[in-house]
>>> print(open('model_37.cif').read())   # mmCIF, C-alpha atoms and all ligand atoms
data_start
#
loop_
_atom_site.label_atom_id
_atom_site.label_comp_id
_atom_site.auth_asym_id
_atom_site.auth_seq_id
_atom_site.Cartn_x
_atom_site.Cartn_y
_atom_site.Cartn_z
CA MET A 1 72.11 128.67 86.99
CA ARG A 2 73.90 125.79 85.32
CA SER A 3 72.32 122.32 85.57
CA VAL A 4 73.58 119.03 84.16
CA VAL A 5 70.49 117.57 82.51
CA VAL A 6 70.07 114.10 81.07
CA LYS A 7 67.25 114.89 78.68
CA GLU A 8 66.83 111.28 77.65
CA PRO A 9 69.17 108.29 77.73
CA GLY A 10 72.44 109.20 75.96
CA GLN A 11 71.77 112.94 75.93
CA LEU A 12 73.60 114.94 78.58
CA ASN A 13 74.01 118.73 78.49
CA ILE A 14 74.64 121.70 80.71
CA GLU A 15 71.48 123.80 80.56
CA SER A 16 70.73 127.23 81.88
CA ARG A 17 67.77 127.07 84.27
CA PRO A 18 66.14 129.57 86.64
CA VAL A 19 67.34 129.41 90.24
CA PRO A 20 64.65 127.41 92.12
CA VAL A 21 62.62 128.82 95.01
CA PRO A 22 62.45 126.62 98.13
CA GLY A 23 59.08 125.17 99.11
CA ALA A 24 57.70 125.72 102.63
CA HIS A 25 59.69 122.87 104.23
CA GLU A 26 62.72 123.12 101.95
CA VAL A 27 66.12 124.76 101.98
CA ARG A 28 68.01 125.92 98.91
CA VAL A 29 71.61 124.75 98.75
CA LYS A 30 74.26 126.61 96.76
CA ILE A 31 76.28 123.61 95.73
CA ALA A 32 80.09 123.65 96.03
CA PHE A 33 81.04 120.05 95.15
CA ALA A 34 79.25 116.99 93.81
CA GLY A 35 80.54 113.45 93.43
CA ILE A 36 80.06 111.23 90.39
CA CYS A 37 78.64 107.77 91.11
CA GLY A 38 78.02 104.71 88.98
CA SER A 39 74.29 105.38 89.13
CA ASP A 40 74.77 108.80 87.45
CA VAL A 41 76.43 106.98 84.56
CA HIS A 42 73.60 104.45 84.53
CA ILE A 43 70.95 107.19 84.30
CA TYR A 44 72.95 108.82 81.49
CA HIS A 45 73.01 105.56 79.54
CA GLY A 46 69.40 104.61 80.32
CA HIS A 47 70.35 101.67 82.55
CA ASN A 48 68.67 102.84 85.75
CA PRO A 49 65.17 101.34 86.01
CA PHE A 50 64.04 104.00 88.53
CA ALA A 51 65.08 107.15 86.61
CA LYS A 52 62.59 109.56 85.08
CA TYR A 53 63.69 111.93 82.27
CA PRO A 54 64.59 114.72 81.81
CA ARG A 55 66.63 114.67 84.99
CA VAL A 56 69.27 116.80 86.72
CA ILE A 57 71.54 114.01 87.99
CA GLY A 58 73.77 113.89 91.07
CA HIS A 59 72.95 112.56 94.55
CA GLU A 60 76.29 113.12 96.32
CA PHE A 61 76.62 116.82 97.06
CA TYR A 62 77.68 119.46 99.50
CA GLY A 63 77.05 123.20 99.72
CA ILE A 64 75.78 126.12 101.74
CA ILE A 65 72.15 126.94 102.52
CA ASP A 66 71.38 130.30 100.90
CA ALA A 67 67.56 130.45 101.20
CA VAL A 68 64.86 128.71 103.24
CA GLY A 69 61.12 128.07 102.90
CA GLU A 70 58.45 129.60 105.14
CA GLN A 71 58.46 126.75 107.66
CA VAL A 72 62.26 126.63 108.06
CA SER A 73 64.25 128.76 110.49
CA PRO A 74 66.17 131.52 108.67
CA ALA A 75 68.98 130.80 111.16
CA ARG A 76 69.92 127.95 108.82
CA ILE A 77 71.03 130.34 106.09
CA GLY A 78 74.80 130.06 105.79
CA GLU A 79 74.92 126.51 107.19
CA ARG A 80 77.35 124.09 105.52
CA VAL A 81 75.40 120.94 104.60
CA ALA A 82 75.62 117.52 102.99
CA VAL A 83 72.35 116.32 101.52
CA ASP A 84 70.77 112.92 102.15
CA PRO A 85 69.21 111.93 98.80
CA VAL A 86 66.56 109.70 100.42
CA VAL A 87 63.18 111.45 100.48
CA SER A 88 60.50 109.43 102.25
CA CYS A 89 56.84 109.82 103.25
CA GLY A 90 57.37 109.29 106.98
CA HIS A 91 54.28 107.17 107.63
CA CYS A 92 54.31 103.97 105.55
CA TYR A 93 55.37 100.65 107.13
CA PRO A 94 59.09 100.86 106.23
CA CYS A 95 59.22 104.51 107.36
CA SER A 96 57.52 103.55 110.64
CA VAL A 97 60.23 100.99 111.39
CA GLY A 98 63.14 103.31 110.59
CA ARG A 99 63.69 102.16 107.00
CA PRO A 100 62.90 105.31 104.96
CA ASN A 101 65.33 104.11 102.27
CA VAL A 102 62.69 101.60 101.17
CA CYS A 103 59.69 103.89 101.71
CA THR A 104 56.74 102.86 99.54
CA GLN A 105 56.79 106.43 98.11
CA LEU A 106 60.61 106.59 97.90
CA GLN A 107 62.05 109.49 95.94
CA VAL A 108 65.80 109.70 95.47
CA ILE A 109 67.26 113.12 94.78
CA GLY A 110 69.12 112.92 91.47
CA VAL A 111 67.07 109.91 90.35
CA HIS A 112 63.34 110.54 90.86
CA ARG A 113 63.73 114.30 91.33
CA ASP A 114 66.34 116.85 90.31
CA GLY A 115 69.73 116.50 91.90
CA GLY A 116 73.03 118.11 92.70
CA PHE A 117 74.94 118.57 89.43
CA SER A 118 73.60 122.10 89.45
CA ASP A 119 74.50 125.46 90.98
CA TYR A 120 71.49 125.24 93.29
CA ALA A 121 69.10 122.55 94.52
CA CYS A 122 66.04 122.78 96.76
CA VAL A 123 65.76 119.86 99.16
CA PRO A 124 63.65 119.01 102.25
CA ALA A 125 65.19 120.85 105.22
CA LYS A 126 65.47 117.59 107.16
CA ASN A 127 67.64 116.09 104.40
CA ALA A 128 70.29 118.83 104.77
CA TRP A 129 72.75 117.77 107.50
CA ARG A 130 75.01 120.33 109.12
CA ILE A 131 78.72 119.72 108.59
CA PRO A 132 81.06 120.54 111.51
CA GLU A 133 84.06 122.81 110.91
CA ALA A 134 86.53 119.93 111.27
CA ILE A 135 85.22 118.36 108.04
CA SER A 136 86.40 119.94 104.77
CA ASP A 137 84.12 120.70 101.83
CA ARG A 138 85.60 117.84 99.80
CA GLN A 139 85.26 115.38 102.67
CA ALA A 140 81.66 116.47 103.22
CA THR A 141 80.87 115.57 99.61
CA MET A 142 81.90 112.00 100.46
CA VAL A 143 79.38 111.53 103.27
CA GLU A 144 76.77 109.95 100.98
CA PRO A 145 79.00 107.20 99.52
CA PHE A 146 80.11 106.29 103.04
CA THR A 147 76.47 106.01 104.14
CA ILE A 148 76.19 102.98 101.85
CA ALA A 149 78.97 101.34 103.85
CA ALA A 150 77.38 102.54 107.09
CA ASN A 151 74.04 101.04 106.14
CA ILE A 152 75.25 97.59 105.19
CA THR A 153 77.62 97.35 108.14
CA ALA A 154 74.82 98.42 110.50
CA GLN A 155 72.93 95.35 109.28
CA LEU A 156 75.93 93.01 109.49
CA GLN A 157 77.29 94.22 112.86
CA PRO A 158 80.98 93.47 112.21
CA THR A 159 83.12 92.57 115.22
CA ALA A 160 86.86 92.49 115.87
CA GLN A 161 86.59 88.70 115.68
CA ASP A 162 85.38 88.65 112.09
CA ILE A 163 87.32 87.53 109.06
CA ALA A 164 85.72 89.65 106.35
CA LEU A 165 85.75 89.00 102.62
CA VAL A 166 84.87 91.95 100.39
CA TYR A 167 84.15 91.40 96.70
CA GLY A 168 85.04 94.43 94.56
CA ALA A 169 87.51 97.24 95.20
CA GLY A 170 85.59 99.97 93.42
CA PRO A 171 84.43 103.07 95.29
CA MET A 172 81.86 101.00 97.22
CA GLY A 173 84.26 98.25 98.20
CA LEU A 174 86.80 100.83 99.37
CA THR A 175 84.35 102.70 101.61
CA ILE A 176 83.34 99.35 103.10
CA ILE A 177 86.97 98.37 103.74
CA GLN A 178 87.56 101.68 105.52
CA ALA A 179 84.47 101.19 107.69
CA LEU A 180 85.35 97.58 108.55
CA LYS A 181 88.87 98.51 109.64
CA GLY A 182 88.53 102.08 110.90
CA VAL A 183 85.15 101.91 112.61
CA TYR A 184 84.67 98.26 113.57
CA GLY A 185 88.30 97.13 113.94
CA VAL A 186 87.71 93.90 112.04
CA LYS A 187 90.68 91.55 112.52
CA GLN A 188 91.20 90.62 108.91
CA VAL A 189 89.75 92.11 105.73
CA ILE A 190 90.35 90.14 102.55
CA VAL A 191 89.49 91.85 99.27
CA VAL A 192 89.04 90.26 95.86
CA ASP A 193 89.00 92.05 92.50
CA ARG A 194 90.28 91.53 88.97
CA ILE A 195 92.12 94.82 88.53
CA ALA A 196 95.61 95.01 90.08
CA GLU A 197 95.47 98.80 90.51
CA ARG A 198 92.21 98.53 92.42
CA LEU A 199 93.65 95.87 94.69
CA GLN A 200 96.52 98.29 95.35
CA MET A 201 93.92 100.89 96.36
CA ALA A 202 92.26 98.31 98.59
CA ARG A 203 95.56 97.87 100.45
CA GLU A 204 95.96 101.65 100.75
CA ASN A 205 92.46 101.78 102.23
CA GLY A 206 93.20 99.16 104.86
CA ALA A 207 92.79 95.68 103.32
CA ASP A 208 94.98 93.10 105.04
CA LEU A 209 95.07 90.70 102.10
CA THR A 210 94.13 91.18 98.46
CA LEU A 211 93.43 88.45 95.93
CA ASP A 212 93.06 88.55 92.16
CA ASN A 213 90.53 86.03 90.85
CA THR A 214 91.13 86.69 87.14
CA ASP A 215 92.94 83.41 86.55
CA GLN A 216 92.67 81.38 89.74
CA PRO A 217 89.27 80.76 91.33
CA LEU A 218 88.82 82.40 94.71
CA ALA A 219 87.86 79.10 96.35
CA GLU A 220 91.31 77.69 95.53
CA GLN A 221 93.06 80.76 96.87
CA LEU A 222 91.14 80.63 100.14
CA ALA A 223 91.33 76.85 100.58
CA GLN A 224 94.11 76.87 103.21
CA ARG A 225 92.63 79.73 105.22
CA LEU A 226 89.95 80.11 107.87
CA ALA A 227 86.57 80.60 106.22
CA PRO A 228 85.25 84.18 106.17
CA THR A 229 82.68 84.93 108.86
CA LEU A 230 81.43 88.03 107.08
CA VAL A 231 81.13 88.49 103.30
CA ILE A 232 80.11 91.67 101.52
CA ASP A 233 79.45 91.71 97.80
CA ALA A 234 80.39 95.13 96.47
CA ALA A 235 81.11 93.78 92.97
CA CYS A 236 77.50 92.72 92.48
CA HIS A 237 77.73 90.11 89.76
CA PRO A 238 74.75 87.73 90.16
CA ALA A 239 77.08 84.69 90.29
CA ILE A 240 78.87 85.92 93.40
CA LEU A 241 76.18 85.11 95.97
CA GLN A 242 76.42 81.38 95.32
CA GLU A 243 80.20 81.46 95.70
CA ALA A 244 79.95 83.59 98.83
CA ILE A 245 77.63 81.04 100.45
CA LEU A 246 80.00 78.24 99.53
CA LEU A 247 83.06 80.01 100.94
CA ALA A 248 81.45 81.40 104.09
CA SER A 249 81.93 79.94 107.54
CA PRO A 250 78.97 78.33 109.30
CA ALA A 251 77.03 81.09 111.09
CA ALA A 252 78.44 83.72 108.71
CA ARG A 253 76.59 86.85 107.59
CA ILE A 254 76.51 87.88 103.95
CA GLY A 255 75.64 91.37 102.74
CA ILE A 256 74.55 92.12 99.19
CA LEU A 257 74.24 95.48 97.42
CA GLY A 258 73.50 94.58 93.81
CA PHE A 259 70.54 95.48 91.61
CA SER A 260 70.96 92.93 88.83
CA GLY A 261 67.75 91.56 87.36
CA GLU A 262 69.49 88.31 86.47
CA ALA A 263 68.91 85.21 88.58
CA SER A 264 71.43 83.89 91.08
CA THR A 265 71.46 80.12 91.50
CA LEU A 266 71.23 79.03 95.14
CA THR A 267 70.19 75.96 97.05
CA GLN A 268 68.39 76.02 100.37
CA GLN A 269 70.81 73.37 101.62
CA SER A 270 73.87 75.53 101.05
CA ILE A 271 72.32 78.30 103.14
CA THR A 272 70.47 76.38 105.85
CA SER A 273 73.12 73.76 106.56
CA LYS A 274 75.45 76.56 107.69
CA GLU A 275 72.61 78.76 108.98
CA ILE A 276 73.88 81.67 106.93
CA SER A 277 72.22 85.07 107.32
CA ILE A 278 71.80 87.12 104.16
CA PHE A 279 71.28 90.87 104.43
CA SER A 280 70.66 93.40 101.70
CA SER A 281 71.11 97.12 101.79
CA ARG A 282 69.76 99.92 99.62
CA LEU A 283 71.03 103.51 99.90
CA ASN A 284 70.90 104.52 103.58
CA SER A 285 68.36 104.75 106.36
CA GLY A 286 69.22 107.90 108.25
CA ARG A 287 72.97 107.24 108.39
CA PHE A 288 74.17 110.80 107.67
CA PRO A 289 74.77 111.74 111.33
CA LEU A 290 76.66 108.49 111.90
CA VAL A 291 79.02 109.03 108.96
CA ILE A 292 79.53 112.71 109.87
CA ASP A 293 80.52 111.47 113.33
CA TRP A 294 82.96 108.93 111.82
CA MET A 295 84.54 111.71 109.77
CA GLU A 296 84.73 114.12 112.67
CA LYS A 297 86.48 111.49 114.77
CA GLY A 298 88.89 110.64 111.95
CA LEU A 299 87.81 106.99 111.79
CA ILE A 300 87.55 107.07 107.98
CA ARG A 301 89.66 108.83 105.34
CA PRO A 302 87.42 110.10 102.55
CA GLU A 303 90.29 111.93 100.81
CA ALA A 304 91.92 108.57 100.05
CA LEU A 305 89.14 107.86 97.54
CA ILE A 306 89.17 111.17 95.66
CA THR A 307 91.38 110.74 92.59
CA HIS A 308 89.97 113.54 90.40
CA CYS A 309 88.36 116.94 90.87
CA MET A 310 87.12 118.81 87.79
CA PRO A 311 85.02 121.91 87.08
CA LEU A 312 81.32 121.41 86.27
CA GLU A 313 81.91 122.47 82.65
CA GLN A 314 83.93 119.28 82.17
CA VAL A 315 81.15 117.00 83.38
CA LYS A 316 81.10 114.90 80.19
CA GLU A 317 84.83 114.31 80.29
CA ALA A 318 84.63 113.63 84.03
CA MET A 319 81.94 110.99 83.48
CA GLU A 320 84.02 109.41 80.71
CA ILE A 321 87.05 109.15 82.98
CA PHE A 322 84.93 107.78 85.81
CA ALA A 323 83.30 105.14 83.62
CA ASN A 324 86.31 104.04 81.59
CA ASP A 325 89.52 104.69 83.48
CA ARG A 326 89.01 102.04 86.14
CA LYS A 327 92.72 101.56 86.82
CA THR A 328 93.47 105.08 88.00
CA CYS A 329 90.08 106.58 88.79
CA CYS A 330 88.08 106.08 91.95
CA LYS A 331 85.98 109.07 93.01
CA VAL A 332 85.58 112.11 90.75
CA LEU A 333 84.32 115.36 92.28
CA LEU A 334 82.78 118.15 90.25
CA GLN A 335 83.59 121.60 91.53
CA LEU A 336 80.81 124.14 91.11
CA GLY A 337 81.94 127.23 93.02
P1 LIG B 401 82.59 99.46 90.36
O1 LIG B 401 82.07 98.88 89.12
O2 LIG B 401 83.51 100.64 90.28
O3 LIG B 401 83.35 98.35 91.23
C1 LIG B 401 83.08 96.99 91.15
C2 LIG B 401 84.41 96.24 91.26
O4 LIG B 401 84.14 94.85 91.32
C3 LIG B 401 85.33 96.45 90.07
O5 LIG B 401 86.60 96.90 90.52
C4 LIG B 401 85.39 95.08 89.39
O6 LIG B 401 86.66 94.81 88.83
C5 LIG B 401 85.07 94.14 90.54
N1 LIG B 401 84.46 92.87 90.14
C6 LIG B 401 83.42 92.68 89.29
N2 LIG B 401 83.11 91.37 89.21
C7 LIG B 401 83.95 90.73 90.05
C8 LIG B 401 84.13 89.37 90.42
N3 LIG B 401 83.34 88.41 89.91
N4 LIG B 401 85.09 89.07 91.30
C9 LIG B 401 85.87 90.03 91.83
N5 LIG B 401 85.76 91.33 91.53
C10 LIG B 401 84.82 91.67 90.65
O7 LIG B 401 81.31 99.83 91.22
P2 LIG B 401 81.08 100.60 92.62
O8 LIG B 401 80.77 102.02 92.38
O9 LIG B 401 82.18 100.28 93.58
O10 LIG B 401 79.75 99.91 93.07
C11 LIG B 401 79.70 98.51 93.27
C12 LIG B 401 78.31 97.98 93.16
O11 LIG B 401 77.52 98.46 94.22
C13 LIG B 401 77.54 98.35 91.87
O12 LIG B 401 76.99 97.18 91.32
C14 LIG B 401 76.45 99.28 92.33
O13 LIG B 401 75.26 99.11 91.60
C15 LIG B 401 76.24 98.82 93.75
N6 LIG B 401 75.77 99.89 94.61
C16 LIG B 401 74.75 99.58 95.47
C17 LIG B 401 74.27 100.52 96.33
C18 LIG B 401 73.21 100.16 97.27
O14 LIG B 401 72.76 101.05 97.99
N7 LIG B 401 72.78 98.94 97.35
C19 LIG B 401 74.80 101.89 96.33
C20 LIG B 401 75.93 102.09 95.45
C21 LIG B 401 76.36 101.11 94.62
MN MN B 402 76.37 107.21 95.02
ZN ZN B 403 57.35 105.99 103.68
#
>>> encode(input="model_37.cif", output="structure tokens")
Amino acid sequence: MRSVVVKEPGQLNIESRPVPVPGAHEVRVKIAFAGICGSDVHIYHGHNPFAKYPRVIGHEFYGIIDAVGEQVSPARIGERVAVDPVVSCGHCYPCSVGRPNVCTQLQVIGVHRDGGFSDYACVPAKNAWRIPEAISDRQATMVEPFTIAANITAQLQPTAQDIALVYGAGPMGLTIIQALKGVYGVKQVIVVDRIAERLQMARENGADLTLDNTDQPLAEQLAQRLAPTLVIDAACHPAILQEAILLASPAARIGILGFSGEASTLTQQSITSKEISIFSSRLNSGRFPLVIDWMEKGLIRPEALITHCMPLEQVKEAMEIFANDRKTCCKVLLQLG
């Protein structure tokens, strides 16, 4: 089989590898589509602190179960599945409180163990979620990115009353906008970015108002408006949190997604005087069924994010486009079948 292997930072190749045999509690997935994510690019360039090399990358993938381990029902062969990349121990403290995404033994498929840019992958049977007929193969590949939006919004509990401010109109910002509008019916979603084309995409994905903060500070642009009651940082620059706290309404909730190791400068006063709640979110804690349900009900539109679809052989070119062509590119799918 073909596998996209990052041998060490900067070295990415398609290798020929033997088709893996599923372990007792695993299923083998014959992969049809896989999505490229910023973290794949980070592993490629050696910027992901969690990655171990050599690594088959890819954590957003969809396919069909073609073999099962001894402890898995053979009835699952032929099932269409999207794979949750979060592999957890099931008994540590975070696992015991329903937070397997921060398991003390966390293993992420495509990061800590081999992933989905490959003709086949063996994964724990419980990570392979059945996809209903109403959801297309391409849509099913988008379940994982939407689980990021599902996880942070589950923490923030948006309501129709909220005025939401979303930083960043990249793939993450756009999935969040869709969830805020399509699932939670948030009254107003304001989106800020520095790339006009991305703000255009934000509007196409449901943003009510878009702002460009390249030249004029956001605080000035929002000065005459009601303060946001909900802020989500999907741009993830360390300076944003301070601004978000300043701009937020008293009693607002703020959600952060970033992994920067650089310090953010905050005062207790700015947070406590408005009794702001700050939530963080990493990957997803069992949100696959929720997002599959959103898709089945038509609450979100995953196709709106897919701008490119390329064969696996063109993985290098696809990663180049994804990383560099930020004006026209949102989600790139690799087609394996
Ligand atoms: P992206 O880089 O495509 O999008 C970020 C957007 O933010 C860009 O359009 C950029 O122009 C904009 N931006 C950057 N600084 C800004 C600023 N100061 N003001 C306004 N706009 C600004 O990235 P993508 O794929 O959408 O992911 C966003 C972030 O989410 C990344 O930092 C990534 O590491 C993080 N992430 C976190 C996850 C989690 O589970 N916590 C999962 C996936 C991504
Ligand atoms: Mn991803
Ligand atoms: Zn655990």
>>> closest_residue(input="model_37.cif", among="A:Cys92, A:Ala219, A:Val83, A:Val186", to="ligand ZN 403 (chain B)", atoms="all atoms listed in the file")
A:Cys92
>>> residues_near_point(input="model_37.cif", point="(95.8, 93.0, 85.2)", cutoff="12 Å", atoms="all atoms listed in the file", output="ChimeraX atom specification")
/A:193-200,211-215,326-327
>>> residues_near_ligand(input="model_37.cif", ligand="ligand MN 402 (chain B)", cutoff="9 Å", atoms="only C-alpha atoms and all ligand atoms", output="VMD selection string")
chain A and resid 35 to 40 58 to 60 144 to 146 148 172 283
>>> atom_distance(input="model_37.cif", atom1="atom CA of A:Ala34", atom2="atom CA of A:Met319")
12.2 Å
>>> closest_residue(input="model_37.cif", among="A:Gly261, A:Gly168, A:Gly110, A:Pro49", to="ligand LIG 401 (chain B)", atoms="all atoms listed in the file")
A:Gly168
>>> closest_residue(input="model_37.cif", among="A:Ala149, A:Ile135, A:Ile254, A:Ile306", to="ligand LIG 401 (chain B)", atoms="all atoms listed in the file")
A:Ala149
>>> atom_distance(input="model_37.cif", atom1="atom CA of A:Ser118", atom2="atom CA of A:Glu79")
18.3 Å
>>> closest_residue(input="model_37.cif", among="A:Gln105, A:Ser277, A:Asn151, A:Gln242", to="ligand ZN 403 (chain B)", atoms="all atoms listed in the file")
A:Gln105
>>> atom_distance(input="model_37.cif", atom1="atom CA of A:Phe61", atom2="atom CA of A:Ala24")
21.6 Å
>>> residues_around(input="model_37.cif", residues="A:Arg203", least_positions_apart="4", cutoff="12 Å", atoms="all atoms listed in the file", output="CSV table (one decimal) with C-alpha atoms, in the coordinates of the input")
chain,number,residue,atom,x,y,z
A,169,ALA,CA,87.5,97.2,95.2
A,173,GLY,CA,84.3,98.2,98.2
A,174,LEU,CA,86.8,100.8,99.4
A,177,ILE,CA,87.0,98.4,103.7
A,178,GLN,CA,87.6,101.7,105.5
A,181,LYS,CA,88.9,98.5,109.6
A,188,GLN,CA,91.2,90.6,108.9
A,189,VAL,CA,89.8,92.1,105.7
A,190,ILE,CA,90.4,90.1,102.6
A,191,VAL,CA,89.5,91.8,99.3
A,192,VAL,CA,89.0,90.3,95.9
A,193,ASP,CA,89.0,92.0,92.5
A,196,ALA,CA,95.6,95.0,90.1
A,197,GLU,CA,95.5,98.8,90.5
A,198,ARG,CA,92.2,98.5,92.4
A,199,LEU,CA,93.6,95.9,94.7
A,207,ALA,CA,92.8,95.7,103.3
A,208,ASP,CA,95.0,93.1,105.0
A,209,LEU,CA,95.1,90.7,102.1
A,210,THR,CA,94.1,91.2,98.5
A,211,LEU,CA,93.4,88.4,95.9
A,304,ALA,CA,91.9,108.6,100.0
>>> residues_near_ligand(input="model_37.cif", ligand="ligand ZN 403 (chain B)", cutoff="12 Å", atoms="all atoms listed in the file", output="list in words")
Val86, Val87, Ser88, Cys89, Gly90, His91, Cys92, Tyr93, Pro94, Cys95, Ser96, Val97, Gly98, Arg99, Pro100, Asn101, Val102, Cys103, Thr104, Gln105, Leu106, Gln107 and Ser285 of chain A
>>> closest_residue(input="model_37.cif", among="A:Gly206, A:Pro171, A:Pro250, A:Pro311", to="ligand LIG 401 (chain B)", atoms="only C-alpha atoms and all ligand atoms")
A:Pro171
>>> build_atoms(input="model_37.cif", residues="stretch 206-219 of chain A", atoms="N, CA, C and O atoms", output="PDB file, in the frame of the given file")
ATOM      1  N   GLY A 206      93.236  99.951 103.628  1.00  0.00           N
ATOM      2  CA  GLY A 206      93.200  99.160 104.860  1.00  0.00           C
ATOM      3  C   GLY A 206      93.046  97.661 104.707  1.00  0.00           C
ATOM      4  O   GLY A 206      93.042  96.954 105.720  1.00  0.00           O
ATOM      5  N   ALA A 207      92.937  97.134 103.484  1.00  0.00           N
ATOM      6  CA  ALA A 207      92.790  95.680 103.320  1.00  0.00           C
ATOM      7  C   ALA A 207      94.044  94.979 103.834  1.00  0.00           C
ATOM      8  O   ALA A 207      95.164  95.438 103.614  1.00  0.00           O
ATOM      9  N   ASP A 208      93.845  93.857 104.517  1.00  0.00           N
ATOM     10  CA  ASP A 208      94.980  93.100 105.040  1.00  0.00           C
ATOM     11  C   ASP A 208      95.536  92.145 103.993  1.00  0.00           C
ATOM     12  O   ASP A 208      96.714  91.827 103.993  1.00  0.00           O
ATOM     13  N   LEU A 209      94.657  91.670 103.122  1.00  0.00           N
ATOM     14  CA  LEU A 209      95.070  90.700 102.100  1.00  0.00           C
ATOM     15  C   LEU A 209      94.246  90.959 100.855  1.00  0.00           C
ATOM     16  O   LEU A 209      93.025  91.147 100.958  1.00  0.00           O
ATOM     17  N   THR A 210      94.893  90.991  99.694  1.00  0.00           N
ATOM     18  CA  THR A 210      94.130  91.180  98.460  1.00  0.00           C
ATOM     19  C   THR A 210      94.384  89.999  97.528  1.00  0.00           C
ATOM     20  O   THR A 210      95.491  89.469  97.470  1.00  0.00           O
ATOM     21  N   LEU A 211      93.346  89.605  96.818  1.00  0.00           N
ATOM     22  CA  LEU A 211      93.430  88.450  95.930  1.00  0.00           C
ATOM     23  C   LEU A 211      92.859  88.823  94.568  1.00  0.00           C
ATOM     24  O   LEU A 211      91.856  89.536  94.475  1.00  0.00           O
ATOM     25  N   ASP A 212      93.524  88.315  93.537  1.00  0.00           N
ATOM     26  CA  ASP A 212      93.060  88.550  92.160  1.00  0.00           C
ATOM     27  C   ASP A 212      92.465  87.243  91.651  1.00  0.00           C
ATOM     28  O   ASP A 212      93.158  86.224  91.601  1.00  0.00           O
ATOM     29  N   ASN A 213      91.182  87.264  91.305  1.00  0.00           N
ATOM     30  CA  ASN A 213      90.530  86.030  90.850  1.00  0.00           C
ATOM     31  C   ASN A 213      90.362  85.968  89.336  1.00  0.00           C
ATOM     32  O   ASN A 213      89.507  85.251  88.833  1.00  0.00           O
ATOM     33  N   THR A 214      91.214  86.718  88.610  1.00  0.00           N
ATOM     34  CA  THR A 214      91.130  86.690  87.140  1.00  0.00           C
ATOM     35  C   THR A 214      91.428  85.292  86.608  1.00  0.00           C
ATOM     36  O   THR A 214      90.681  84.778  85.771  1.00  0.00           O
ATOM     37  N   ASP A 215      92.510  84.701  87.095  1.00  0.00           N
ATOM     38  CA  ASP A 215      92.940  83.410  86.550  1.00  0.00           C
ATOM     39  C   ASP A 215      92.666  82.246  87.488  1.00  0.00           C
ATOM     40  O   ASP A 215      92.296  81.170  87.045  1.00  0.00           O
ATOM     41  N   GLN A 216      92.849  82.482  88.775  1.00  0.00           N
ATOM     42  CA  GLN A 216      92.670  81.380  89.740  1.00  0.00           C
ATOM     43  C   GLN A 216      91.396  81.598  90.539  1.00  0.00           C
ATOM     44  O   GLN A 216      91.204  82.664  91.119  1.00  0.00           O
ATOM     45  N   PRO A 217      90.520  80.588  90.578  1.00  0.00           N
ATOM     46  CA  PRO A 217      89.270  80.760  91.330  1.00  0.00           C
ATOM     47  C   PRO A 217      89.541  81.119  92.793  1.00  0.00           C
ATOM     48  O   PRO A 217      90.500  80.631  93.393  1.00  0.00           O
ATOM     49  N   LEU A 218      88.666  81.936  93.327  1.00  0.00           N
ATOM     50  CA  LEU A 218      88.820  82.400  94.710  1.00  0.00           C
ATOM     51  C   LEU A 218      88.815  81.228  95.688  1.00  0.00           C
ATOM     52  O   LEU A 218      89.585  81.217  96.657  1.00  0.00           O
ATOM     53  N   ALA A 219      87.958  80.248  95.432  1.00  0.00           N
ATOM     54  CA  ALA A 219      87.860  79.100  96.350  1.00  0.00           C
ATOM     55  C   ALA A 219      89.218  78.434  96.529  1.00  0.00           C
ATOM     56  O   ALA A 219      89.598  78.065  97.645  1.00  0.00           O
TER      57      ALA A 219
END
